[in-house]
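Pasting input31.cif here (mmCIF, C-alpha atoms):
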data_model
#
loop_
_atom_site.label_atom_id
_atom_site.label_comp_id
_atom_site.auth_asym_id
_atom_site.auth_seq_id
_atom_site.Cartn_x
_atom_site.Cartn_y
_atom_site.Cartn_z
CA MET A 1 24.18 -0.97 -6.89
CA LYS A 2 25.79 -4.36 -7.20
CA ILE A 3 23.54 -7.42 -7.42
CA THR A 4 24.91 -10.90 -6.71
CA ILE A 5 22.82 -14.04 -7.09
CA LYS A 6 24.03 -17.41 -5.82
CA THR A 7 22.25 -20.66 -6.57
CA ASP A 8 22.66 -23.79 -4.47
CA GLU A 9 20.56 -26.92 -4.93
CA ASN A 10 20.97 -27.78 -1.23
CA ILE A 11 19.23 -24.61 -0.02
CA LYS A 12 15.61 -25.17 1.02
CA ASP A 13 14.49 -21.59 1.72
CA THR A 14 15.43 -18.52 -0.31
CA GLU A 15 17.23 -15.84 1.67
CA VAL A 16 17.78 -12.27 0.55
CA GLN A 17 20.59 -10.35 2.23
CA ILE A 18 21.15 -6.64 1.71
CA THR A 19 24.54 -5.19 2.55
CA CYS A 20 24.74 -1.41 2.54
CA ASN A 21 26.48 1.48 4.22
CA SER A 22 23.15 3.11 5.25
CA LEU A 23 19.43 2.51 4.92
CA THR A 24 18.41 4.78 2.03
CA PRO A 25 14.88 5.45 0.72
CA GLU A 26 15.72 3.29 -2.32
CA ILE A 27 16.64 0.33 -0.11
CA GLU A 28 13.52 0.85 1.99
CA LYS A 29 11.47 0.77 -1.23
CA LEU A 30 13.21 -2.44 -2.32
CA ILE A 31 12.43 -4.06 1.04
CA SER A 32 8.83 -2.90 0.79
CA LEU A 33 8.49 -4.40 -2.70
CA MET A 34 9.91 -7.74 -1.55
CA ARG A 35 7.52 -7.86 1.40
CA MET A 36 4.65 -6.97 -0.89
CA MET A 37 5.39 -9.92 -3.18
CA GLU A 38 4.52 -12.33 -0.39
CA LEU A 39 1.52 -10.49 0.98
CA GLN A 40 -1.96 -11.29 -0.23
CA LEU A 41 -5.41 -10.43 1.01
CA THR A 42 -8.69 -12.23 0.67
CA GLY A 43 -11.86 -10.53 -0.45
CA LEU A 44 -15.44 -11.54 -1.09
CA ARG A 45 -17.30 -10.86 -4.32
CA ASN A 46 -20.61 -12.42 -5.38
CA GLY A 47 -20.39 -15.08 -2.68
CA GLU A 48 -16.88 -16.22 -3.67
CA THR A 49 -13.60 -15.65 -1.85
CA TYR A 50 -10.77 -14.26 -3.98
CA ILE A 51 -7.05 -14.00 -3.30
CA ILE A 52 -5.86 -10.46 -4.06
CA ASP A 53 -2.24 -9.50 -4.70
CA ILE A 54 -1.48 -6.50 -2.55
CA GLY A 55 0.27 -4.72 -5.43
CA ARG A 56 -3.06 -4.49 -7.29
CA VAL A 57 -4.83 -2.76 -4.40
CA LEU A 58 -5.44 0.96 -4.97
CA TYR A 59 -7.08 1.69 -1.64
CA ILE A 60 -9.27 0.26 1.08
CA ASP A 61 -12.15 2.04 2.73
CA THR A 62 -15.01 1.54 5.13
CA VAL A 63 -18.65 2.31 4.33
CA ASP A 64 -21.49 1.54 6.76
CA LYS A 65 -19.17 -0.56 8.97
CA LYS A 66 -18.13 -2.74 6.00
CA THR A 67 -14.59 -2.76 4.63
CA PHE A 68 -13.98 -2.74 0.87
CA ILE A 69 -10.79 -3.40 -1.11
CA TYR A 70 -10.51 -1.57 -4.44
CA THR A 71 -8.24 -2.78 -7.26
CA LEU A 72 -7.89 -1.50 -10.82
CA GLU A 73 -10.42 -4.07 -11.97
CA LYS A 74 -12.89 -4.77 -9.16
CA GLU A 75 -13.96 -4.17 -5.60
CA TYR A 76 -14.10 -6.80 -2.88
CA GLU A 77 -15.48 -6.90 0.64
CA SER A 78 -13.10 -7.79 3.44
CA LYS A 79 -14.03 -9.42 6.72
CA LEU A 80 -11.16 -7.59 8.42
CA LYS A 81 -11.53 -4.20 10.07
CA LEU A 82 -9.70 -1.21 8.61
CA TYR A 83 -7.26 -0.99 11.52
CA GLU A 84 -6.38 -4.70 11.12
CA LEU A 85 -5.56 -4.18 7.45
CA GLU A 86 -3.61 -1.02 8.26
CA GLU A 87 -1.40 -2.94 10.72
CA GLN A 88 -0.46 -5.38 7.93
CA LEU A 89 -0.13 -2.89 5.09
CA VAL A 90 1.67 0.10 6.59
CA LYS A 91 4.96 -1.83 6.23
CA VAL A 92 4.45 -2.29 2.48
CA GLY A 93 3.67 1.21 1.26
CA PHE A 94 0.14 1.95 2.43
CA PHE A 95 -0.87 4.90 4.60
CA ARG A 96 -3.92 6.13 6.43
CA GLY A 97 -5.65 8.77 4.29
CA SER A 98 -8.60 9.42 6.57
CA LYS A 99 -10.55 7.78 9.38
CA SER A 100 -12.15 5.54 6.79
CA SER A 101 -9.42 4.87 4.19
CA ILE A 102 -5.99 3.37 3.59
CA ILE A 103 -4.23 4.29 0.32
CA ASN A 104 -1.44 2.53 -1.60
CA PHE A 105 1.44 5.00 -2.15
CA LYS A 106 2.51 3.10 -5.25
CA HIS A 107 -0.72 3.98 -7.07
CA ILE A 108 -0.59 7.73 -6.44
CA VAL A 109 -0.02 9.60 -9.70
CA SER A 110 -0.37 13.15 -8.39
CA LEU A 111 -1.42 15.17 -5.40
CA LYS A 112 -2.82 18.64 -4.99
CA SER A 113 -3.46 20.85 -1.99
CA ASP A 114 -7.14 21.14 -1.25
CA ILE A 115 -9.19 23.40 1.00
CA ASP A 116 -8.65 23.26 4.74
CA ARG A 117 -5.09 21.79 4.47
CA ARG A 118 -6.36 18.57 2.96
CA LEU A 119 -4.78 16.81 -0.03
CA ARG A 120 -6.46 15.53 -3.16
CA VAL A 121 -4.61 12.48 -4.52
CA THR A 122 -5.15 11.05 -7.99
CA LEU A 123 -4.65 7.31 -8.32
CA SER A 124 -3.40 5.34 -11.31
CA ASN A 125 -6.99 4.59 -12.39
CA GLY A 126 -7.85 8.33 -12.42
CA GLU A 127 -9.91 8.16 -9.24
CA GLN A 128 -9.39 10.99 -6.76
CA LEU A 129 -9.39 10.63 -2.98
CA ILE A 130 -9.16 13.19 -0.21
CA VAL A 131 -6.46 12.86 2.44
CA SER A 132 -7.72 14.54 5.59
CA ARG A 133 -5.67 17.33 7.13
CA GLN A 134 -4.90 15.03 10.06
CA TYR A 135 -2.82 12.81 7.74
CA ALA A 136 -1.84 15.27 4.97
CA GLU A 137 1.39 16.46 6.59
CA GLN A 138 2.63 12.89 7.08
CA VAL A 139 1.96 12.17 3.39
CA LYS A 140 3.77 15.29 2.23
CA GLU A 141 6.72 14.50 4.46
CA ARG A 142 6.93 10.91 3.24
CA LEU A 143 6.84 12.06 -0.39
CA GLY A 144 9.32 14.86 0.26
CA VAL A 145 6.78 17.52 -0.76
CA ARG A 146 6.29 20.77 1.15
#
Starting from the coordinates I provided, produce the structure as structure tokens.
Amino acid sequence: MKITIKTDENIKDTEVQITCNSLTPEIEKLISLMRMMELQLTGLRNGETYIIDIGRVLYIDTVDKKTFIYTLEKEYESKLKLYELEEQLVKVGFFRGSKSSIINFKHIVSLKSDIDRRLRVTLSNGEQLIVSRQYAEQVKERLGVR
């Protein structure tokens, strides 16, 4: 891969241009990472609103009609519904793991087949989540695992 960087003091907005012969998984990952750099969420914790970098998010889930964002360090409550977050995050490496969760692909360390065609994923913090059988095949396909 060849990388060329041009600087120009007259340019107001940064532009990234990718020239390639085909869209490979590596290029898709690069695009996803660049999009992720600009994306942030807000979450509530102890009455304060925090800005959360999307790259720090392990997963998001819903409990008792409330949506929670989990990072390596803390958990935050979101005012957005799970489907609203999914619409934003599916483009940057997140996937639906069950009716009540969205998981960040980048934080998956391992996965294991579980009973009833489900998957058990282990995240970078050691926490394990279940991917329901409804979504398990999509996850395996995306990871190239059969």
*To verify the selection step, state as number ranges by chain which residues the PyMOL selection byres ((chain A and resi 83-93) around 9) yields on this input.*
A: 29, 31-36, 39, 41, 54, 60, 80-82, 94-96, 102-106
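Excluding Val145 of chain A and any residue on its chain fewer than 4 positions from it, the residues at most 12 Å away by all atoms listed in the file are Ser110, Leu111, Lys112, Ser113, Leu119, Ala136, Glu137, Gln138, Val139, Lys140 and Glu141 of chain A.
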If you take every atom of segment 11-22 of chain A that the file lists and fit an axis-aligned box around them with 5 Å extra on each side, what centre and edge lengths come out in Å to one decimal, as AutoDock Vina command-line options?
--center_x 20.5 --center_y -11.0 --center_z 2.5 --size_x 22.0 --size_y 38.3 --size_z 15.6
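Closest approach to Ser101 of chain A among A:Asn125, A:Thr19, A:Ser132, A:Thr62 is made by A:Thr62 (distances from only C-alpha atoms).
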*Nearest candidate to Met1 of chain A (options A:Cys20, A:Ile108, A:Pro25, A:Thr14; using only C-alpha atoms)*: A:Cys20
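The gap separating atom CA of Arg120 of chain A from atom CA of Tyr70 of chain A is 17.6 Å, in Å to one decimal.
Restricting the calculation to only C-alpha atoms, the smallest distance between Glu77 of chain A and any of A:Gln128, A:Asn46, A:Ser100, A:Thr7 is found for A:Asn46.
Ranking A:His107, A:Lys2, A:Lys12, A:Lys66 by their shortest atom-to-atom distance to Gly126 of chain A, with all atoms listed in the file included, puts A:His107 first.
With only C-alpha atoms as the basis for measurement, A:Gly97 is the residue among A:Ser22, A:Gly97, A:Tyr50, A:Glu75 that approaches Val121 of chain A most closely.
The two atoms in question, atom CA of Thr42 of chain A and atom CA of Ser78 of chain A, are spaced 6.8 Å apart.
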*Closest to Asp116 of chain A among A:Tyr59, A:Arg142, A:Lys99, A:Gln134, using all atoms listed in the file?*
A:Gln134
*atom CA of Ile3 of chain A to atom CA of Leu143 of chain A, straight-line distance in Å*: 26.6 Å
Evaluated on this file, the PyMOL selection byres ((chain A and resi 44) around 6) picks out some residues - which ones are they, written as a compact mmCIF listing (two decimals) with C-alpha atoms, in the frame of the given file?
# COMPACT_ATOMS: atom_id res chain seq x y z
CA GLY A 43 -11.86 -10.53 -0.45
CA ARG A 45 -17.30 -10.86 -4.32
CA GLU A 48 -16.88 -16.22 -3.67
CA THR A 49 -13.60 -15.65 -1.85
CA TYR A 76 -14.10 -6.80 -2.88
CA GLU A 77 -15.48 -6.90 0.64
